[in-house]
Amino acid sequence: MIRTDSVNGVVRRGHLGRTARFRAKWRGKRDGERGVPRIPVRYFEGRRGAPPELFEPPDPDELPLPAYVMEVRTTARRAMEQMRSSMIGQEHALISKLRAESVRVVTQYDVREDPRPAALARYGHWVGQWRTTVDRCRSHAQAVADQANQQLACYWDAVRATHPQFIRLAGRPPGDWLPGRVELDPSWCRPDVWLLADDEGAGTATSRALQILERQNTHRVDGRSTR
């Protein structure tokens, strides 16, 4: 159930405070005036006398990341990892139950070859609880990433306004130009892998039970679509 205080908490985590905004702009102004970061020379080679509109913004992947950007990225990643670890710790009982039930599902379906839909449905209910928990935690983690990206946007705006090389570039970079952008680890969109003791290809009981559950759900959907 989504409560108002949960939503408000996510909003607060995604909002960049005045102090953080000021600090990001101050660091950007200071770095920009010092010529940090240095834009690769190739963006200016052979362009002497050329109009500024020909000077395109550098590729974010080619631009050296300043210390402030690395600090923001590291802080955000650590916060998101702590969220994940805390969630896994709090849901230890559910995870243990899912792993134990996975063995029963595999034994029933693969070893005994005696399908028990009711037991599988119960297992699916617990898997659903786990996925919902991860979805809720992911919303908080995404708020942390969004807040970090707001800091980086403020920083880069100040850099572009004071950096002697950036001043020579044409206009404003595109909206998605944000070197060092913070993004969630892809595993946040694949929460089932966190249930596995090993990786997916290790053939764990949990991995196999999830395959059986997915197959059953697929057959149920296909059966409805043909009616």
# chains A, B, ... in the order shown; residues from 1 in each chain; ligands from 1
>>> residues_around(residues="Leu152 (chain A)", least_positions_apart="6", cutoff="10 Å", atoms="only C-alpha atoms", output="mmCIF file with C-alpha atoms, in the first residue's frame")
data_model
loop_
_atom_site.group_PDB
_atom_site.id
_atom_site.type_symbol
_atom_site.label_atom_id
_atom_site.label_comp_id
_atom_site.auth_asym_id
_atom_site.auth_seq_id
_atom_site.Cartn_x
_atom_site.Cartn_y
_atom_site.Cartn_z
ATOM 1 C CA ARG A 21 22.273 24.008 -5.133
ATOM 2 C CA ALA A 24 27.090 22.933 -6.750
ATOM 3 C CA LYS A 25 27.033 26.306 -8.507
ATOM 4 C CA GLY A 28 31.139 24.850 -10.899
ATOM 5 C CA TYR A 68 33.130 17.325 -7.686
ATOM 6 C CA VAL A 69 31.315 15.159 -10.227
ATOM 7 C CA VAL A 72 28.431 13.407 -6.253
ATOM 8 C CA ARG A 73 28.412 10.114 -8.165
ATOM 9 C CA ASP A 146 17.505 12.418 -9.670
ATOM 10 C CA ALA A 158 28.108 27.211 -13.698
ATOM 11 C CA LEU A 178 25.151 15.771 -18.513
ATOM 12 C CA PRO A 179 28.660 14.301 -18.109
ATOM 13 C CA GLY A 180 28.784 11.910 -15.160
ATOM 14 C CA ARG A 181 25.023 11.344 -15.082
ATOM 15 C CA VAL A 182 23.950 9.068 -12.200
#
>>> closest_atom_pairs(of="region 64-159 of chain A", to="region 206-209 of chain A", cutoff="8 Å", atoms="only C-alpha atoms", output="JSON lines")
{"residue": "A:Leu98", "atom": "CA", "partner": "A:Thr206", "partner_atom": "CA", "distance": 7.7}
{"residue": "A:Arg99", "atom": "CA", "partner": "A:Thr206", "partner_atom": "CA", "distance": 5.8}
{"residue": "A:Ser102", "atom": "CA", "partner": "A:Thr206", "partner_atom": "CA", "distance": 5.0}
{"residue": "A:Val103", "atom": "CA", "partner": "A:Thr206", "partner_atom": "CA", "distance": 7.0}
{"residue": "A:Val105", "atom": "CA", "partner": "A:Ala209", "partner_atom": "CA", "distance": 6.0}
{"residue": "A:Val106", "atom": "CA", "partner": "A:Ala209", "partner_atom": "CA", "distance": 5.7}
>>> write_last_selection(atoms="C-alpha atoms", output="mmCIF file, in the first residue's frame")
data_model
loop_
_atom_site.group_PDB
_atom_site.id
_atom_site.type_symbol
_atom_site.label_atom_id
_atom_site.label_comp_id
_atom_site.auth_asym_id
_atom_site.auth_seq_id
_atom_site.Cartn_x
_atom_site.Cartn_y
_atom_site.Cartn_z
ATOM 1 C CA LEU A 98 11.108 -17.952 -1.118
ATOM 2 C CA ARG A 99 14.325 -19.934 -1.410
ATOM 3 C CA SER A 102 11.675 -22.814 -4.485
ATOM 4 C CA VAL A 103 13.147 -26.181 -3.559
ATOM 5 C CA VAL A 105 8.373 -26.234 -6.269
ATOM 6 C CA VAL A 106 11.263 -27.734 -8.204
#
>>> closest_residue(among="A:Glu56, A:Leu65, A:Arg77, A:Gln216", to="Tyr155 (chain A)", atoms="only C-alpha atoms")
A:Leu65
>>> closest_residue(among="A:Trp26, A:Leu210, A:Gly17, A:Gly124", to="Asp157 (chain A)", atoms="only C-alpha atoms")
A:Trp26
>>> residues_around(residues="Arg122 (chain A)", least_positions_apart="6", cutoff="12 Å", atoms="only C-alpha atoms", output="number ranges by chain")
A: 97-98, 101-102, 104-105, 116, 128-129, 213
